[in-house]
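Student: Below is the file target.txt, with compact mmCIF, C-alpha atoms and all ligand atoms.
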# COMPACT_ATOMS: atom_id res chain seq x y z
CA MET A 1260 99.98 119.71 150.44
CA SER A 1261 103.18 119.08 148.48
CA GLU A 1262 106.36 118.42 150.44
CA ALA A 1263 108.89 121.21 150.90
CA VAL A 1264 111.69 121.32 148.37
CA THR A 1265 114.92 120.01 149.83
CA TYR A 1266 118.31 119.24 148.34
CA GLY A 1267 117.48 115.53 148.28
CA ARG A 1268 114.04 115.91 146.69
CA TYR A 1269 115.06 118.51 144.12
CA LEU A 1270 118.03 116.46 142.92
CA LYS A 1271 116.40 113.06 143.40
CA ILE A 1272 119.39 111.90 145.42
CA ASP A 1273 117.75 108.68 146.65
CA GLU A 1274 117.00 107.64 143.08
CA LEU A 1275 120.45 108.68 141.90
CA LEU A 1276 122.25 106.71 144.62
CA SER A 1277 120.20 103.61 143.89
CA LEU A 1278 121.43 103.43 140.28
CA GLN A 1279 124.90 101.95 140.88
CA GLN A 1280 124.09 98.27 140.71
CA PRO A 1281 126.96 95.82 140.11
CA ARG A 1282 125.83 92.56 138.49
CA ASP A 1283 126.97 90.51 141.47
CA GLU A 1284 128.47 91.23 144.87
CA VAL A 1285 130.48 94.34 144.16
CA GLU A 1286 134.12 93.95 143.19
CA HIS A 1287 135.91 96.90 144.74
CA ASP A 1288 136.93 98.54 141.43
CA GLU A 1289 133.62 97.90 139.73
CA MET A 1290 132.03 100.76 141.67
CA LEU A 1291 134.48 103.23 140.11
CA PHE A 1292 133.80 101.77 136.66
CA ILE A 1293 130.03 102.17 137.03
CA VAL A 1294 130.18 105.64 138.57
CA ILE A 1295 132.56 107.04 135.97
CA HIS A 1296 130.46 105.78 133.06
CA GLN A 1297 127.31 107.20 134.61
CA VAL A 1298 129.05 110.53 135.17
CA TYR A 1299 130.07 110.53 131.48
CA GLU A 1300 126.49 109.88 130.42
CA LEU A 1301 125.36 112.86 132.53
CA TRP A 1302 128.00 115.07 130.91
CA PHE A 1303 126.93 113.82 127.46
CA LYS A 1304 123.37 114.80 128.37
CA GLU A 1305 124.44 118.31 129.39
CA VAL A 1306 126.69 118.75 126.34
CA LEU A 1307 123.84 117.75 123.99
CA HIS A 1308 121.57 120.23 125.78
CA GLU A 1309 124.16 122.99 125.20
CA MET A 1310 124.83 121.94 121.58
CA ASP A 1311 121.12 122.26 120.76
CA TYR A 1312 121.04 125.68 122.42
CA CYS A 1313 124.12 126.77 120.49
CA GLY A 1314 122.47 125.77 117.19
CA ARG A 1315 119.38 127.84 118.05
CA LEU A 1316 121.49 130.87 119.01
CA LEU A 1317 123.38 130.70 115.70
CA ALA A 1318 120.09 130.44 113.79
CA ASP A 1319 118.98 133.62 115.62
CA GLY A 1320 122.24 135.36 114.66
CA ASP A 1321 123.36 135.64 118.31
CA ALA A 1322 127.09 134.90 117.98
CA PRO A 1323 128.17 136.24 121.42
CA ARG A 1324 125.88 133.86 123.28
CA ALA A 1325 126.65 131.00 120.88
CA GLN A 1326 130.35 131.52 121.62
CA HIS A 1327 129.64 131.66 125.35
CA THR A 1328 127.82 128.32 125.02
CA LEU A 1329 130.71 126.82 123.06
CA LYS A 1330 133.03 127.92 125.84
CA ARG A 1331 130.89 125.99 128.33
CA ILE A 1332 130.89 122.90 126.12
CA LEU A 1333 134.68 123.11 125.82
CA THR A 1334 135.09 123.42 129.58
CA ILE A 1335 132.97 120.31 130.11
CA LEU A 1336 134.99 118.50 127.45
CA LYS A 1337 138.19 119.32 129.34
CA VAL A 1338 136.67 117.81 132.48
CA MET A 1339 135.62 114.75 130.46
CA VAL A 1340 139.18 114.30 129.20
CA SER A 1341 140.73 114.74 132.65
CA GLN A 1342 138.31 112.24 134.22
CA LEU A 1343 140.18 109.52 132.38
CA ASP A 1344 143.01 110.09 134.89
CA ILE A 1345 140.77 108.61 137.57
CA LEU A 1346 140.13 105.46 135.56
CA GLU A 1347 143.86 105.12 134.90
CA THR A 1348 144.36 104.49 138.63
CA MET A 1349 142.76 101.09 137.92
CA THR A 1350 145.39 98.47 137.03
CA PRO A 1351 144.86 95.78 134.35
CA THR A 1352 144.41 93.12 137.05
CA GLU A 1353 141.89 95.23 138.96
CA PHE A 1354 139.87 95.59 135.72
CA LEU A 1355 140.03 91.82 135.22
CA THR A 1356 138.27 91.24 138.56
CA PHE A 1357 134.99 92.21 136.89
CA ARG A 1358 135.59 92.49 133.10
CA GLU A 1359 133.75 89.23 132.40
CA ARG A 1360 130.60 90.66 133.91
CA LEU A 1361 130.46 93.24 131.12
CA GLU A 1362 129.84 90.50 128.52
CA SER A 1363 129.35 92.47 125.27
CA ALA A 1364 128.67 95.82 126.98
CA SER A 1365 130.93 98.64 125.76
CA GLY A 1366 131.07 102.44 125.52
CA PHE A 1367 130.75 101.69 121.81
CA GLN A 1368 127.01 101.30 122.55
CA SER A 1369 126.60 104.73 124.16
CA ASP A 1370 123.81 106.34 122.17
CA GLN A 1371 124.53 109.73 123.71
CA PHE A 1372 128.13 109.57 122.46
CA ARG A 1373 126.72 108.81 118.98
CA GLN A 1374 124.27 111.69 119.38
CA PHE A 1375 127.22 113.95 120.18
CA GLU A 1376 129.02 112.70 117.06
CA PHE A 1377 125.85 113.30 115.01
CA ALA A 1378 125.54 116.86 116.32
CA LEU A 1379 129.17 117.41 115.35
CA GLY A 1380 128.52 116.14 111.81
CA ARG A 1381 129.68 112.54 112.02
CA LYS A 1382 126.54 110.53 111.27
CA SER A 1383 126.21 106.86 110.47
CA ARG A 1384 123.07 104.83 109.77
CA ALA A 1385 124.64 101.79 111.47
CA SER A 1386 124.78 103.79 114.72
CA VAL A 1387 121.03 104.41 114.48
CA GLU A 1388 120.06 100.89 113.49
CA ARG A 1389 122.06 99.30 116.29
CA PHE A 1390 119.26 100.29 118.68
CA PRO A 1391 115.88 98.53 118.71
CA GLU A 1392 112.90 100.30 117.15
CA GLY A 1393 110.80 101.94 119.82
CA SER A 1394 113.71 102.46 122.22
CA ARG A 1395 114.63 105.87 123.66
CA ALA A 1396 118.07 105.64 122.06
CA ARG A 1397 116.69 104.86 118.59
CA ALA A 1398 114.19 107.73 118.75
CA ALA A 1399 116.89 110.19 119.88
CA LEU A 1400 119.28 109.14 117.11
CA GLU A 1401 116.55 109.16 114.42
CA ASP A 1402 115.68 112.69 115.52
CA ARG A 1403 119.29 113.89 115.27
CA TRP A 1404 119.85 112.04 111.99
CA GLY A 1405 117.78 114.58 110.04
CA ARG A 1406 118.82 117.67 112.00
CA PRO A 1407 121.45 120.20 110.82
CA THR A 1408 124.85 119.76 112.46
CA LEU A 1409 126.83 122.44 114.30
CA TRP A 1410 128.80 123.05 111.11
CA ASP A 1411 125.55 123.65 109.17
CA ALA A 1412 124.46 126.11 111.86
CA VAL A 1413 127.77 128.01 111.58
CA LEU A 1414 127.59 128.14 107.77
CA GLY A 1415 123.99 129.41 107.97
CA TYR A 1416 125.08 132.05 110.45
CA LEU A 1417 128.00 133.23 108.28
CA ALA A 1418 125.67 133.46 105.28
CA GLN A 1419 123.29 135.61 107.40
CA LYS A 1420 126.25 137.92 108.12
CA GLY A 1421 126.83 138.38 104.39
CA TYR A 1422 129.57 135.84 103.74
CA ALA A 1423 129.36 134.18 100.31
CA VAL A 1424 128.98 130.65 101.62
CA PRO A 1425 128.38 128.47 98.51
CA ALA A 1426 124.64 127.81 98.13
CA ASP A 1427 125.10 124.06 97.67
CA LEU A 1428 126.71 123.91 101.14
CA LEU A 1429 123.81 125.80 102.70
CA GLU A 1430 121.41 123.30 101.13
CA ARG A 1431 123.55 120.22 101.59
CA ASP A 1432 122.18 116.87 102.76
CA VAL A 1433 122.70 117.20 106.53
CA THR A 1434 122.97 113.41 106.92
CA ALA A 1435 126.08 113.31 104.67
CA PRO A 1436 129.64 113.66 106.04
CA VAL A 1437 131.10 117.18 106.14
CA GLU A 1438 133.49 117.35 103.16
CA ALA A 1439 136.27 119.90 102.67
CA SER A 1440 135.35 122.59 100.12
CA GLU A 1441 137.92 124.80 98.40
CA ARG A 1442 135.25 127.39 97.58
CA LEU A 1443 134.35 127.67 101.25
CA GLN A 1444 138.01 127.78 102.21
CA ALA A 1445 138.44 130.90 100.04
CA VAL A 1446 135.64 132.55 102.06
CA LEU A 1447 137.16 131.46 105.37
CA ILE A 1448 140.63 132.71 104.41
CA GLU A 1449 139.14 136.13 103.75
CA LEU A 1450 137.30 135.99 107.09
CA TYR A 1451 140.50 135.06 108.96
CA ARG A 1452 142.35 138.00 107.36
CA SER A 1453 139.75 140.66 108.03
CA ASP A 1454 137.18 139.72 110.68
CA PRO A 1455 138.70 139.07 114.13
CA VAL A 1456 135.28 138.74 115.80
CA HIS A 1457 134.26 135.80 113.63
CA VAL A 1458 137.75 134.32 113.78
CA GLU A 1459 137.03 133.78 117.50
CA LEU A 1460 133.88 131.83 116.68
CA CYS A 1461 135.76 129.65 114.18
CA GLU A 1462 138.61 129.09 116.65
CA ARG A 1463 136.16 127.77 119.25
CA LEU A 1464 135.12 125.15 116.67
CA VAL A 1465 138.78 124.23 116.19
CA ASP A 1466 139.08 123.92 120.00
CA LEU A 1467 136.07 121.60 119.96
CA ASP A 1468 137.49 119.50 117.12
CA GLU A 1469 140.85 119.24 118.88
CA GLY A 1470 139.14 118.52 122.22
CA VAL A 1471 137.18 115.57 120.80
CA GLN A 1472 140.37 114.19 119.24
CA GLU A 1473 142.12 114.67 122.57
CA TRP A 1474 139.42 112.62 124.30
CA ARG A 1475 139.80 109.88 121.69
CA TYR A 1476 143.59 109.88 122.13
CA ARG A 1477 143.41 109.72 125.94
CA HIS A 1478 140.74 107.00 125.78
CA VAL A 1479 142.78 104.78 123.45
CA LYS A 1480 145.93 105.22 125.58
CA MET A 1481 143.91 104.26 128.66
CA VAL A 1482 142.55 101.24 126.77
CA GLU A 1483 146.10 100.21 125.76
CA ARG A 1484 147.36 100.38 129.32
CA THR A 1485 144.34 98.49 130.65
CA ILE A 1486 143.78 95.71 128.08
CA GLY A 1487 146.81 95.99 125.74
CA SER A 1488 146.07 94.47 122.33
CA LYS A 1489 143.06 92.42 123.49
CA SER A 1490 139.83 92.87 121.55
CA GLY A 1491 137.04 94.98 123.05
CA THR A 1492 133.95 93.73 124.88
CA GLY A 1493 131.94 95.47 122.14
CA GLY A 1494 133.43 93.09 119.56
CA SER A 1495 135.94 95.40 117.86
CA ALA A 1496 139.69 94.87 117.52
CA GLY A 1497 140.08 97.12 120.59
CA SER A 1498 142.84 99.74 120.49
CA ALA A 1499 143.53 99.04 116.78
CA TYR A 1500 139.94 100.06 116.02
CA LEU A 1501 140.13 103.09 118.31
CA TRP A 1502 143.33 104.36 116.65
CA SER A 1503 141.47 104.30 113.31
CA THR A 1504 138.95 106.85 114.68
CA LEU A 1505 141.68 109.40 115.45
CA ASN A 1506 143.00 112.19 113.20
CA ARG A 1507 139.72 112.57 111.35
CA PRO A 1508 138.86 116.26 111.71
CA LEU A 1509 135.24 117.26 112.21
CA PHE A 1510 135.62 120.60 110.43
CA PRO A 1511 138.24 119.91 107.73
CA ASP A 1512 138.05 123.38 106.11
CA LEU A 1513 139.13 125.09 109.34
CA TRP A 1514 142.30 122.95 109.35
CA GLU A 1515 142.98 123.22 105.61
CA ILE A 1516 143.03 127.03 105.54
CA ARG A 1517 145.90 127.26 108.04
CA ALA A 1518 148.48 126.41 105.39
CA ALA A 1519 147.21 129.27 103.22
CA LEU A 1520 147.18 131.99 105.90
C1 LIG B 1601 138.77 100.43 131.60
C2 LIG B 1601 138.07 101.30 130.94
C3 LIG B 1601 137.74 101.20 129.48
C4 LIG B 1601 138.13 100.29 128.56
C5 LIG B 1601 139.07 99.08 128.73
C6 LIG B 1601 137.49 100.65 127.31
C7 LIG B 1601 137.64 99.94 126.13
C8 LIG B 1601 137.05 100.28 124.94
C9 LIG B 1601 137.21 99.53 123.71
C10 LIG B 1601 138.10 98.33 123.53
C11 LIG B 1601 136.44 100.15 122.77
C12 LIG B 1601 136.26 99.71 121.30
C13 LIG B 1601 134.90 99.06 121.13
C14 LIG B 1601 134.84 97.66 121.72
O1 LIG B 1601 135.15 96.69 121.02
O2 LIG B 1601 134.44 97.55 122.90
C15 LIG B 1601 135.81 101.28 123.39
C16 LIG B 1601 134.96 102.17 122.76
C17 LIG B 1601 134.39 103.25 123.36
N1 LIG B 1601 134.48 103.58 124.70
FE1 LIG B 1601 135.66 102.75 126.07
N2 LIG B 1601 136.77 101.78 127.49
C18 LIG B 1601 136.87 102.16 128.80
C19 LIG B 1601 136.27 103.26 129.40
C20 LIG B 1601 135.42 104.13 128.78
C21 LIG B 1601 134.78 105.26 129.41
C22 LIG B 1601 134.91 105.69 130.87
C23 LIG B 1601 134.01 105.82 128.48
C24 LIG B 1601 133.12 107.01 128.72
C25 LIG B 1601 131.91 107.07 128.26
C26 LIG B 1601 134.16 105.09 127.25
C27 LIG B 1601 133.53 105.36 126.06
C28 LIG B 1601 133.73 104.71 124.88
C29 LIG B 1601 133.13 105.11 123.63
C30 LIG B 1601 132.23 106.31 123.41
C31 LIG B 1601 133.55 104.20 122.67
C32 LIG B 1601 133.21 104.24 121.18
C33 LIG B 1601 134.31 104.99 120.44
C34 LIG B 1601 134.11 105.02 118.92
O3 LIG B 1601 133.48 104.11 118.35
O4 LIG B 1601 134.62 105.97 118.28
N3 LIG B 1601 135.04 104.08 127.47
N4 LIG B 1601 136.18 101.34 124.70
The structure in this file should be written as structure tokens.

Tutor:
Amino acid sequence: MSEAVTYGRYLKIDELLSLQQPRDEVEHDEMLFIVIHQVYELWFKEVLHEMDYCGRLLADGDAPRAQHTLKRILTILKVMVSQLDILETMTPTEFLTFRERLESASGFQSDQFRQFEFALGRKSRASVERFPEGSRARAALEDRWGRPTLWDAVLGYLAQKGYAVPADLLERDVTAPVEASERLQAVLIELYRSDPVHVELCERLVDLDEGVQEWRYRHVKMVERTIGSKSGTGGSAGSAYLWSTLNRPLFPDLWEIRAAL
């Protein structure tokens, strides 16, 4: 007979609590570092789960539930941004007690973060090929590489609702970066002037775009206060590299149209 369901068995608490394994005898602050990264990975997992659902809802023409799902993603993103406060309680010298143990390990190698970027329309072959063939990470990124992004799902949805989304955008190569389109902007300007229901959907995408940039900004400030101008364990120039990833909107058309409204 199978054992009764309990909190511990359902949530696999024993397994979960056995996963925080410092490389050596634990340095006090290393526990926080491990836990916070693992928590982020769990949030990435949940966000990806919701992003996929949102794409399916848009394909089915169900905007209310898609918007509800976006709201959940945005709420998680806010928590993800605010969690950086916890890490900022760690001083530069506390970080140095275990930094060497990280060797070349870095958040730069988080495949789920790259999956999130892919789902948002920022794809790069280098991010796929960084992971060995046959690995879970490689398979997940290869799968997302060819899939439509959130932006593609929104454009498909708007076309379903009768908006004259240019055909070349509906058939675009989903592995290519999302480029601004003046023809689409004309459609969006009309939508913003006359369709308050769909304005709400578009505004949730702007929230998402701003939220991701907010995370990047808070992360680079945390990096600056923790390691200053040192290079990263992942081999980049550190904060100089991270600054270069900021101010690159995910959905450029939604920003461009504001000047014309
Ligand atoms: C003391 C804490 C942290 C420091 C000093 C730090 C430092 C850095 C540095 C220097 C980079 C640039 C790549 C490199 O050369 O390593 C980077 C990238 C990154 N870090 Fe952190 N990080 C910290 C915490 C976190 C946390 C908690 C997360 C959550 C998952 C995270 C996620 C990322 C991601 C996703 C990137 C890649 C960003 C991109 O390429 O756009 N980091 N980090």

Student: Just checking: using all atoms listed in the file, which residue out of A:Glu1309, A:Asp1319, A:Glu1286, A:Asp1411 ends up closest to Phe1354 (chain A)?

Tutor: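 Checking each of A:Glu1309, A:Asp1319, A:Glu1286, A:Asp1411 against Phe1354 (chain A), counting all atoms listed in the file, the winner is A:Glu1286.
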
Student: Could the residues that lie within 8 Å of ligand LIG 1601 (chain B), counting all atoms listed in the file, be listed as a ChimeraX atom specification?

Tutor: /A:1292,1295-1297,1299-1300,1343,1346-1347,1349,1354,1363-1369,1372-1373,1475,1478-1479,1481-1483,1485-1486,1489-1498,1500-1501,1504

Student: Can you write just those residues out, C-alpha atoms, as a PDB file, in the coordinates of the input?

Tutor:
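Result written to result36.pdb:
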ATOM      1  CA  PHE A1292     133.800 101.770 136.660  1.00  0.00           C
ATOM      2  CA  ILE A1295     132.560 107.040 135.970  1.00  0.00           C
ATOM      3  CA  HIS A1296     130.460 105.780 133.060  1.00  0.00           C
ATOM      4  CA  GLN A1297     127.310 107.200 134.610  1.00  0.00           C
ATOM      5  CA  TYR A1299     130.070 110.530 131.480  1.00  0.00           C
ATOM      6  CA  GLU A1300     126.490 109.880 130.420  1.00  0.00           C
ATOM      7  CA  LEU A1343     140.180 109.520 132.380  1.00  0.00           C
ATOM      8  CA  LEU A1346     140.130 105.460 135.560  1.00  0.00           C
ATOM      9  CA  GLU A1347     143.860 105.120 134.900  1.00  0.00           C
ATOM     10  CA  MET A1349     142.760 101.090 137.920  1.00  0.00           C
ATOM     11  CA  PHE A1354     139.870  95.590 135.720  1.00  0.00           C
ATOM     12  CA  SER A1363     129.350  92.470 125.270  1.00  0.00           C
ATOM     13  CA  ALA A1364     128.670  95.820 126.980  1.00  0.00           C
ATOM     14  CA  SER A1365     130.930  98.640 125.760  1.00  0.00           C
ATOM     15  CA  GLY A1366     131.070 102.440 125.520  1.00  0.00           C
ATOM     16  CA  PHE A1367     130.750 101.690 121.810  1.00  0.00           C
ATOM     17  CA  GLN A1368     127.010 101.300 122.550  1.00  0.00           C
ATOM     18  CA  SER A1369     126.600 104.730 124.160  1.00  0.00           C
ATOM     19  CA  PHE A1372     128.130 109.570 122.460  1.00  0.00           C
ATOM     20  CA  ARG A1373     126.720 108.810 118.980  1.00  0.00           C
ATOM     21  CA  ARG A1475     139.800 109.880 121.690  1.00  0.00           C
ATOM     22  CA  HIS A1478     140.740 107.000 125.780  1.00  0.00           C
ATOM     23  CA  VAL A1479     142.780 104.780 123.450  1.00  0.00           C
ATOM     24  CA  MET A1481     143.910 104.260 128.660  1.00  0.00           C
ATOM     25  CA  VAL A1482     142.550 101.240 126.770  1.00  0.00           C
ATOM     26  CA  GLU A1483     146.100 100.210 125.760  1.00  0.00           C
ATOM     27  CA  THR A1485     144.340  98.490 130.650  1.00  0.00           C
ATOM     28  CA  ILE A1486     143.780  95.710 128.080  1.00  0.00           C
ATOM     29  CA  LYS A1489     143.060  92.420 123.490  1.00  0.00           C
ATOM     30  CA  SER A1490     139.830  92.870 121.550  1.00  0.00           C
ATOM     31  CA  GLY A1491     137.040  94.980 123.050  1.00  0.00           C
ATOM     32  CA  THR A1492     133.950  93.730 124.880  1.00  0.00           C
ATOM     33  CA  GLY A1493     131.940  95.470 122.140  1.00  0.00           C
ATOM     34  CA  GLY A1494     133.430  93.090 119.560  1.00  0.00           C
ATOM     35  CA  SER A1495     135.940  95.400 117.860  1.00  0.00           C
ATOM     36  CA  ALA A1496     139.690  94.870 117.520  1.00  0.00           C
ATOM     37  CA  GLY A1497     140.080  97.120 120.590  1.00  0.00           C
ATOM     38  CA  SER A1498     142.840  99.740 120.490  1.00  0.00           C
ATOM     39  CA  TYR A1500     139.940 100.060 116.020  1.00  0.00           C
ATOM     40  CA  LEU A1501     140.130 103.090 118.310  1.00  0.00           C
ATOM     41  CA  THR A1504     138.950 106.850 114.680  1.00  0.00           C
TER      42      THR A1504
END

Student: Kindly provide the residues of region 1379-1434 of chain A that approach region 1444-1463 of chain A to within 8 Å, each paired with its closest atom pair and their distance in Å to one decimal, based on all atoms listed in the file, listed by chain and increasing number, as JSON lines.

Tutor:
{"residue": "A:Tyr1422", "atom": "CA", "partner": "A:Val1446", "partner_atom": "CA", "distance": 7.1}
{"residue": "A:Ala1423", "atom": "CA", "partner": "A:Val1446", "partner_atom": "CA", "distance": 6.7}
{"residue": "A:Val1424", "atom": "CA", "partner": "A:Val1446", "partner_atom": "CA", "distance": 6.9}

Student: Excluding same-chain residues fewer than 4 positions from region 1508-1517 of chain A, what lies within 10 Å of it counting only C-alpha atoms, as an NGL selection string?

Tutor: :A and (1376 or 1379-1381 or 1409-1410 or 1436-1448 or 1451 or 1461-1462 or 1464-1465 or 1467-1469 or 1471-1472 or 1504)

Student: Using only C-alpha atoms, please write the residues we just selected to a file, as a PDB file, keeping the file's coordinate frame.

Tutor:
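Here's the written file selection_2.pdb:
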ATOM      1  CA  GLU A1376     129.020 112.700 117.060  1.00  0.00           C
ATOM      2  CA  LEU A1379     129.170 117.410 115.350  1.00  0.00           C
ATOM      3  CA  GLY A1380     128.520 116.140 111.810  1.00  0.00           C
ATOM      4  CA  ARG A1381     129.680 112.540 112.020  1.00  0.00           C
ATOM      5  CA  LEU A1409     126.830 122.440 114.300  1.00  0.00           C
ATOM      6  CA  TRP A1410     128.800 123.050 111.110  1.00  0.00           C
ATOM      7  CA  PRO A1436     129.640 113.660 106.040  1.00  0.00           C
ATOM      8  CA  VAL A1437     131.100 117.180 106.140  1.00  0.00           C
ATOM      9  CA  GLU A1438     133.490 117.350 103.160  1.00  0.00           C
ATOM     10  CA  ALA A1439     136.270 119.900 102.670  1.00  0.00           C
ATOM     11  CA  SER A1440     135.350 122.590 100.120  1.00  0.00           C
ATOM     12  CA  GLU A1441     137.920 124.800  98.400  1.00  0.00           C
ATOM     13  CA  ARG A1442     135.250 127.390  97.580  1.00  0.00           C
ATOM     14  CA  LEU A1443     134.350 127.670 101.250  1.00  0.00           C
ATOM     15  CA  GLN A1444     138.010 127.780 102.210  1.00  0.00           C
ATOM     16  CA  ALA A1445     138.440 130.900 100.040  1.00  0.00           C
ATOM     17  CA  VAL A1446     135.640 132.550 102.060  1.00  0.00           C
ATOM     18  CA  LEU A1447     137.160 131.460 105.370  1.00  0.00           C
ATOM     19  CA  ILE A1448     140.630 132.710 104.410  1.00  0.00           C
ATOM     20  CA  TYR A1451     140.500 135.060 108.960  1.00  0.00           C
ATOM     21  CA  CYS A1461     135.760 129.650 114.180  1.00  0.00           C
ATOM     22  CA  GLU A1462     138.610 129.090 116.650  1.00  0.00           C
ATOM     23  CA  LEU A1464     135.120 125.150 116.670  1.00  0.00           C
ATOM     24  CA  VAL A1465     138.780 124.230 116.190  1.00  0.00           C
ATOM     25  CA  LEU A1467     136.070 121.600 119.960  1.00  0.00           C
ATOM     26  CA  ASP A1468     137.490 119.500 117.120  1.00  0.00           C
ATOM     27  CA  GLU A1469     140.850 119.240 118.880  1.00  0.00           C
ATOM     28  CA  VAL A1471     137.180 115.570 120.800  1.00  0.00           C
ATOM     29  CA  GLN A1472     140.370 114.190 119.240  1.00  0.00           C
ATOM     30  CA  THR A1504     138.950 106.850 114.680  1.00  0.00           C
TER      31      THR A1504
END

Student: Between A:Ile1272, A:Ala1322, A:Asp1402, A:Arg1282, which is the closest to Gly1415 (chain A) once you count only C-alpha atoms?

Tutor: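 Smallest separation from Gly1415 (chain A) among the options: A:Ala1322.
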